[in-house]
Amino acid sequence: MADTTARALRLLSLLQSRPVWAGPDLVADLHVTDRTLRRDMQRLRDLGYRVESAAGTGGGYRLVTGRELPPLLLDDDEAVA
């Protein structure tokens, strides 16, 4: 997926779908390199999404809950409803 914006939205959707994602799983699902994944995670952070990462066994990436609400992401059906 070469389009950076589309990939970032797909990444955000994946992060919202389960509590923790291992880096290799995201790399495989997005068909990108480790480096691209790290850059995309930073891009989400720069946009105000609180993404936490932990290395090692049991580590991975997750969206952090908190007081600040990130921008709302809706698909077409949700937006119409």
# chains A, B, ... in the order shown; residues from 1 in each chain; ligands from 1
>>> select_by_dssp(residues="range 11-58 of chain A", states="strand (DSSP E)", output="ChimeraX atom specification")
/A:51-54
>>> select_by_dssp(residues="chain A", states="alpha helix (DSSP H)", output="number ranges by chain")
A: 4-17, 23-30, 34-46, 76-80
>>> closest_residue(among="A:Thr5, A:Arg10, A:Gly59, A:Asp77", to="His31 in chain A", atoms="only C-alpha atoms")
A:Arg10
>>> closest_residue(among="A:Val80, A:Leu47, A:Leu74, A:Val27", to="Ser13 in chain A", atoms="only C-alpha atoms")
A:Leu74
>>> closest_residue(among="A:Asp3, A:Arg62, A:Pro24, A:Arg18", to="Arg45 in chain A", atoms="only C-alpha atoms")
A:Arg62
>>> residues_around(residues="Arg7 in chain A", least_positions_apart="3", cutoff="12 Å", atoms="only C-alpha atoms", output="PyMOL selection string")
chain A and resi 1-4+10-14+26-27+29-32+36-37+39-41+43-44
>>> write_last_selection(atoms="N, CA and C atoms", output="compact mmCIF listing (two decimals), in the first residue's frame")
# COMPACT_ATOMS: atom_id res chain seq x y z
N MET A 1 0.86 -1.17 0.00
CA MET A 1 0.00 0.00 0.00
C MET A 1 0.90 1.23 0.00
N ALA A 2 1.03 1.86 -1.13
CA ALA A 2 1.99 2.95 -1.29
C ALA A 2 1.46 4.28 -0.75
N ASP A 3 0.17 4.48 -0.73
CA ASP A 3 -0.40 5.75 -0.29
C ASP A 3 -0.28 5.87 1.23
N THR A 4 0.49 6.84 1.68
CA THR A 4 0.78 7.02 3.10
C THR A 4 -0.48 7.28 3.92
N ARG A 10 -5.51 2.72 7.62
CA ARG A 10 -5.60 1.26 7.80
C ARG A 10 -4.92 0.86 9.11
N LEU A 11 -3.78 1.44 9.41
CA LEU A 11 -3.06 1.15 10.65
C LEU A 11 -3.91 1.55 11.86
N LEU A 12 -4.52 2.70 11.80
CA LEU A 12 -5.38 3.15 12.89
C LEU A 12 -6.56 2.20 13.07
N SER A 13 -7.13 1.76 11.99
CA SER A 13 -8.24 0.81 12.05
C SER A 13 -7.80 -0.50 12.70
N LEU A 14 -6.62 -0.98 12.33
CA LEU A 14 -6.10 -2.22 12.94
C LEU A 14 -5.87 -2.03 14.43
N LEU A 26 1.63 -6.46 12.32
CA LEU A 26 1.27 -5.24 11.59
C LEU A 26 2.05 -5.13 10.29
N VAL A 27 3.33 -5.45 10.34
CA VAL A 27 4.16 -5.42 9.13
C VAL A 27 3.57 -6.34 8.06
N ASP A 29 0.38 -7.49 7.85
CA ASP A 29 -0.94 -7.04 7.40
C ASP A 29 -0.86 -5.83 6.48
N LEU A 30 0.08 -4.94 6.74
CA LEU A 30 0.21 -3.71 5.95
C LEU A 30 1.15 -3.86 4.76
N HIS A 31 1.90 -4.98 4.71
CA HIS A 31 2.87 -5.22 3.63
C HIS A 31 3.90 -4.10 3.55
N VAL A 32 4.50 -3.78 4.72
CA VAL A 32 5.52 -2.74 4.81
C VAL A 32 6.73 -3.28 5.55
N THR A 36 9.14 1.39 8.01
CA THR A 36 7.92 2.09 7.60
C THR A 36 6.88 2.05 8.70
N LEU A 37 6.75 0.92 9.38
CA LEU A 37 5.80 0.81 10.48
C LEU A 37 6.14 1.81 11.59
N ARG A 39 7.75 4.62 11.30
CA ARG A 39 7.45 5.96 10.80
C ARG A 39 5.94 6.23 10.82
N ASP A 40 5.16 5.23 10.45
CA ASP A 40 3.71 5.39 10.46
C ASP A 40 3.19 5.56 11.89
N MET A 41 3.77 4.85 12.83
CA MET A 41 3.37 5.01 14.24
C MET A 41 3.68 6.44 14.70
N ARG A 43 3.85 9.04 12.81
CA ARG A 43 2.90 9.91 12.11
C ARG A 43 1.58 9.97 12.88
N LEU A 44 1.09 8.81 13.37
CA LEU A 44 -0.13 8.80 14.16
C LEU A 44 0.05 9.60 15.45
>>> residues_around(residues="Gln42 in chain A", least_positions_apart="6", cutoff="12 Å", atoms="only C-alpha atoms", output="ChimeraX atom specification")
/A:8,11-12,35-36,48-53,61
>>> atom_distance(atom1="CA of Val20 in chain A", atom2="CA of Asp76 in chain A")
25.5 Å
>>> closest_residue(among="A:Arg38, A:Ala28, A:Glu78, A:Gln16", to="Leu63 in chain A", atoms="only C-alpha atoms")
A:Gln16
>>> decode(residues="range 24-74 of chain A", atoms="N, CA and C atoms", output="PDB file, in the first residue's frame")
ATOM      1  N   PRO A  24       5.522  -7.522  14.080  1.00  0.00           N
ATOM      2  CA  PRO A  24       5.544  -8.379  12.887  1.00  0.00           C
ATOM      3  C   PRO A  24       4.160  -8.635  12.291  1.00  0.00           C
ATOM      4  N   ASP A  25       3.130  -8.683  13.134  1.00  0.00           N
ATOM      5  CA  ASP A  25       1.774  -8.871  12.621  1.00  0.00           C
ATOM      6  C   ASP A  25       1.322  -7.659  11.817  1.00  0.00           C
ATOM      7  N   LEU A  26       1.627  -6.457  12.323  1.00  0.00           N
ATOM      8  CA  LEU A  26       1.267  -5.239  11.590  1.00  0.00           C
ATOM      9  C   LEU A  26       2.047  -5.127  10.289  1.00  0.00           C
ATOM     10  N   VAL A  27       3.328  -5.453  10.338  1.00  0.00           N
ATOM     11  CA  VAL A  27       4.165  -5.419   9.131  1.00  0.00           C
ATOM     12  C   VAL A  27       3.572  -6.338   8.063  1.00  0.00           C
ATOM     13  N   ALA A  28       3.157  -7.536   8.475  1.00  0.00           N
ATOM     14  CA  ALA A  28       2.590  -8.503   7.532  1.00  0.00           C
ATOM     15  C   ALA A  28       1.244  -8.018   6.979  1.00  0.00           C
ATOM     16  N   ASP A  29       0.382  -7.490   7.849  1.00  0.00           N
ATOM     17  CA  ASP A  29      -0.939  -7.040   7.401  1.00  0.00           C
ATOM     18  C   ASP A  29      -0.858  -5.827   6.480  1.00  0.00           C
ATOM     19  N   LEU A  30       0.077  -4.938   6.745  1.00  0.00           N
ATOM     20  CA  LEU A  30       0.205  -3.713   5.948  1.00  0.00           C
ATOM     21  C   LEU A  30       1.148  -3.863   4.758  1.00  0.00           C
ATOM     22  N   HIS A  31       1.897  -4.979   4.714  1.00  0.00           N
ATOM     23  CA  HIS A  31       2.867  -5.223   3.632  1.00  0.00           C
ATOM     24  C   HIS A  31       3.902  -4.101   3.553  1.00  0.00           C
ATOM     25  N   VAL A  32       4.496  -3.779   4.717  1.00  0.00           N
ATOM     26  CA  VAL A  32       5.516  -2.736   4.807  1.00  0.00           C
ATOM     27  C   VAL A  32       6.732  -3.279   5.555  1.00  0.00           C
ATOM     28  N   THR A  33       7.774  -2.474   5.643  1.00  0.00           N
ATOM     29  CA  THR A  33       8.969  -2.849   6.403  1.00  0.00           C
ATOM     30  C   THR A  33       8.818  -2.389   7.855  1.00  0.00           C
ATOM     31  N   ASP A  34       9.703  -2.887   8.716  1.00  0.00           N
ATOM     32  CA  ASP A  34       9.713  -2.448  10.116  1.00  0.00           C
ATOM     33  C   ASP A  34       9.899  -0.934  10.210  1.00  0.00           C
ATOM     34  N   ARG A  35      10.792  -0.416   9.399  1.00  0.00           N
ATOM     35  CA  ARG A  35      11.081   1.016   9.418  1.00  0.00           C
ATOM     36  C   ARG A  35       9.850   1.846   9.039  1.00  0.00           C
ATOM     37  N   THR A  36       9.136   1.392   8.010  1.00  0.00           N
ATOM     38  CA  THR A  36       7.923   2.088   7.598  1.00  0.00           C
ATOM     39  C   THR A  36       6.877   2.048   8.700  1.00  0.00           C
ATOM     40  N   LEU A  37       6.749   0.919   9.377  1.00  0.00           N
ATOM     41  CA  LEU A  37       5.801   0.811  10.485  1.00  0.00           C
ATOM     42  C   LEU A  37       6.139   1.808  11.587  1.00  0.00           C
ATOM     43  N   ARG A  38       7.419   1.898  11.944  1.00  0.00           N
ATOM     44  CA  ARG A  38       7.822   2.847  12.981  1.00  0.00           C
ATOM     45  C   ARG A  38       7.518   4.288  12.558  1.00  0.00           C
ATOM     46  N   ARG A  39       7.748   4.618  11.302  1.00  0.00           N
ATOM     47  CA  ARG A  39       7.450   5.964  10.800  1.00  0.00           C
ATOM     48  C   ARG A  39       5.938   6.233  10.824  1.00  0.00           C
ATOM     49  N   ASP A  40       5.158   5.233  10.448  1.00  0.00           N
ATOM     50  CA  ASP A  40       3.708   5.394  10.461  1.00  0.00           C
ATOM     51  C   ASP A  40       3.185   5.559  11.886  1.00  0.00           C
ATOM     52  N   MET A  41       3.766   4.849  12.833  1.00  0.00           N
ATOM     53  CA  MET A  41       3.371   5.014  14.237  1.00  0.00           C
ATOM     54  C   MET A  41       3.679   6.435  14.704  1.00  0.00           C
ATOM     55  N   GLN A  42       4.831   6.954  14.325  1.00  0.00           N
ATOM     56  CA  GLN A  42       5.181   8.315  14.694  1.00  0.00           C
ATOM     57  C   GLN A  42       4.236   9.316  14.040  1.00  0.00           C
ATOM     58  N   ARG A  43       3.846   9.037  12.813  1.00  0.00           N
ATOM     59  CA  ARG A  43       2.900   9.905  12.111  1.00  0.00           C
ATOM     60  C   ARG A  43       1.578   9.969  12.876  1.00  0.00           C
ATOM     61  N   LEU A  44       1.095   8.810  13.367  1.00  0.00           N
ATOM     62  CA  LEU A  44      -0.135   8.798  14.164  1.00  0.00           C
ATOM     63  C   LEU A  44       0.047   9.601  15.452  1.00  0.00           C
ATOM     64  N   ARG A  45       1.202   9.443  16.086  1.00  0.00           N
ATOM     65  CA  ARG A  45       1.474  10.211  17.311  1.00  0.00           C
ATOM     66  C   ARG A  45       1.466  11.711  17.015  1.00  0.00           C
ATOM     67  N   ASP A  46       2.064  12.092  15.904  1.00  0.00           N
ATOM     68  CA  ASP A  46       2.105  13.503  15.515  1.00  0.00           C
ATOM     69  C   ASP A  46       0.697  14.058  15.260  1.00  0.00           C
ATOM     70  N   LEU A  47      -0.232  13.190  14.880  1.00  0.00           N
ATOM     71  CA  LEU A  47      -1.611  13.597  14.637  1.00  0.00           C
ATOM     72  C   LEU A  47      -2.450  13.616  15.913  1.00  0.00           C
ATOM     73  N   GLY A  48      -1.838  13.248  17.034  1.00  0.00           N
ATOM     74  CA  GLY A  48      -2.551  13.320  18.302  1.00  0.00           C
ATOM     75  C   GLY A  48      -3.024  11.996  18.862  1.00  0.00           C
ATOM     76  N   TYR A  49      -2.773  10.907  18.162  1.00  0.00           N
ATOM     77  CA  TYR A  49      -3.143   9.595  18.675  1.00  0.00           C
ATOM     78  C   TYR A  49      -2.077   9.134  19.661  1.00  0.00           C
ATOM     79  N   ARG A  50      -2.505   8.660  20.798  1.00  0.00           N
ATOM     80  CA  ARG A  50      -1.563   8.195  21.819  1.00  0.00           C
ATOM     81  C   ARG A  50      -1.282   6.710  21.576  1.00  0.00           C
ATOM     82  N   VAL A  51      -0.171   6.429  20.909  1.00  0.00           N
ATOM     83  CA  VAL A  51       0.230   5.065  20.602  1.00  0.00           C
ATOM     84  C   VAL A  51       1.399   4.705  21.508  1.00  0.00           C
ATOM     85  N   GLU A  52       1.258   3.611  22.208  1.00  0.00           N
ATOM     86  CA  GLU A  52       2.305   3.139  23.118  1.00  0.00           C
ATOM     87  C   GLU A  52       2.953   1.905  22.508  1.00  0.00           C
ATOM     88  N   SER A  53       4.248   1.775  22.718  1.00  0.00           N
ATOM     89  CA  SER A  53       4.949   0.588  22.232  1.00  0.00           C
ATOM     90  C   SER A  53       5.787  -0.002  23.353  1.00  0.00           C
ATOM     91  N   ALA A  54       5.900  -1.319  23.346  1.00  0.00           N
ATOM     92  CA  ALA A  54       6.715  -2.027  24.327  1.00  0.00           C
ATOM     93  C   ALA A  54       7.488  -3.116  23.593  1.00  0.00           C
ATOM     94  N   ALA A  55       8.777  -3.212  23.885  1.00  0.00           N
ATOM     95  CA  ALA A  55       9.625  -4.216  23.244  1.00  0.00           C
ATOM     96  C   ALA A  55       9.586  -5.529  24.019  1.00  0.00           C
ATOM     97  N   GLY A  56      10.009  -6.574  23.359  1.00  0.00           N
ATOM     98  CA  GLY A  56      10.164  -7.858  24.027  1.00  0.00           C
ATOM     99  C   GLY A  56       8.930  -8.741  23.972  1.00  0.00           C
ATOM    100  N   THR A  57       9.027  -9.884  24.650  1.00  0.00           N
ATOM    101  CA  THR A  57       7.929 -10.835  24.692  1.00  0.00           C
ATOM    102  C   THR A  57       6.706 -10.191  25.333  1.00  0.00           C
ATOM    103  N   GLY A  58       5.584 -10.331  24.690  1.00  0.00           N
ATOM    104  CA  GLY A  58       4.357  -9.725  25.192  1.00  0.00           C
ATOM    105  C   GLY A  58       4.225  -8.259  24.854  1.00  0.00           C
ATOM    106  N   GLY A  59       5.216  -7.698  24.190  1.00  0.00           N
ATOM    107  CA  GLY A  59       5.178  -6.297  23.808  1.00  0.00           C
ATOM    108  C   GLY A  59       4.407  -6.097  22.526  1.00  0.00           C
ATOM    109  N   GLY A  60       4.371  -4.885  22.089  1.00  0.00           N
ATOM    110  CA  GLY A  60       3.682  -4.568  20.850  1.00  0.00           C
ATOM    111  C   GLY A  60       3.221  -3.132  20.859  1.00  0.00           C
ATOM    112  N   TYR A  61       2.284  -2.828  19.995  1.00  0.00           N
ATOM    113  CA  TYR A  61       1.735  -1.486  19.870  1.00  0.00           C
ATOM    114  C   TYR A  61       0.288  -1.492  20.337  1.00  0.00           C
ATOM    115  N   ARG A  62      -0.106  -0.386  20.990  1.00  0.00           N
ATOM    116  CA  ARG A  62      -1.508  -0.255  21.386  1.00  0.00           C
ATOM    117  C   ARG A  62      -1.880   1.215  21.453  1.00  0.00           C
ATOM    118  N   LEU A  63      -3.164   1.468  21.249  1.00  0.00           N
ATOM    119  CA  LEU A  63      -3.690   2.813  21.450  1.00  0.00           C
ATOM    120  C   LEU A  63      -3.939   2.990  22.941  1.00  0.00           C
ATOM    121  N   VAL A  64      -3.500   4.105  23.478  1.00  0.00           N
ATOM    122  CA  VAL A  64      -3.645   4.384  24.899  1.00  0.00           C
ATOM    123  C   VAL A  64      -4.953   5.128  25.129  1.00  0.00           C
ATOM    124  N   THR A  65      -5.702   4.695  26.121  1.00  0.00           N
ATOM    125  CA  THR A  65      -6.905   5.428  26.488  1.00  0.00           C
ATOM    126  C   THR A  65      -6.509   6.571  27.392  1.00  0.00           C
ATOM    127  N   GLY A  66      -7.263   7.610  27.376  1.00  0.00           N
ATOM    128  CA  GLY A  66      -6.926   8.753  28.207  1.00  0.00           C
ATOM    129  C   GLY A  66      -7.959   9.842  28.096  1.00  0.00           C
ATOM    130  N   ARG A  67      -7.607  10.992  28.626  1.00  0.00           N
ATOM    131  CA  ARG A  67      -8.531  12.115  28.656  1.00  0.00           C
ATOM    132  C   ARG A  67      -8.690  12.772  27.304  1.00  0.00           C
ATOM    133  N   GLU A  68      -7.629  12.820  26.520  1.00  0.00           N
ATOM    134  CA  GLU A  68      -7.697  13.477  25.220  1.00  0.00           C
ATOM    135  C   GLU A  68      -8.320  12.539  24.202  1.00  0.00           C
ATOM    136  N   LEU A  69      -9.300  13.040  23.491  1.00  0.00           N
ATOM    137  CA  LEU A  69      -9.984  12.243  22.493  1.00  0.00           C
ATOM    138  C   LEU A  69      -9.347  12.489  21.131  1.00  0.00           C
ATOM    139  N   PRO A  70      -8.843  11.445  20.469  1.00  0.00           N
ATOM    140  CA  PRO A  70      -8.251  11.640  19.142  1.00  0.00           C
ATOM    141  C   PRO A  70      -9.345  11.910  18.118  1.00  0.00           C
ATOM    142  N   PRO A  71      -8.974  12.354  16.938  1.00  0.00           N
ATOM    143  CA  PRO A  71      -9.973  12.582  15.889  1.00  0.00           C
ATOM    144  C   PRO A  71     -10.787  11.315  15.635  1.00  0.00           C
ATOM    145  N   LEU A  72     -12.067  11.478  15.401  1.00  0.00           N
ATOM    146  CA  LEU A  72     -12.975  10.368  15.194  1.00  0.00           C
ATOM    147  C   LEU A  72     -12.783   9.784  13.802  1.00  0.00           C
ATOM    148  N   LEU A  73     -12.712   8.463  13.719  1.00  0.00           N
ATOM    149  CA  LEU A  73     -12.550   7.781  12.441  1.00  0.00           C
ATOM    150  C   LEU A  73     -13.798   6.959  12.169  1.00  0.00           C
ATOM    151  N   LEU A  74     -14.517   7.316  11.124  1.00  0.00           N
ATOM    152  CA  LEU A  74     -15.737   6.607  10.741  1.00  0.00           C
ATOM    153  C   LEU A  74     -15.604   6.090   9.323  1.00  0.00           C
TER     154      LEU A  74
END
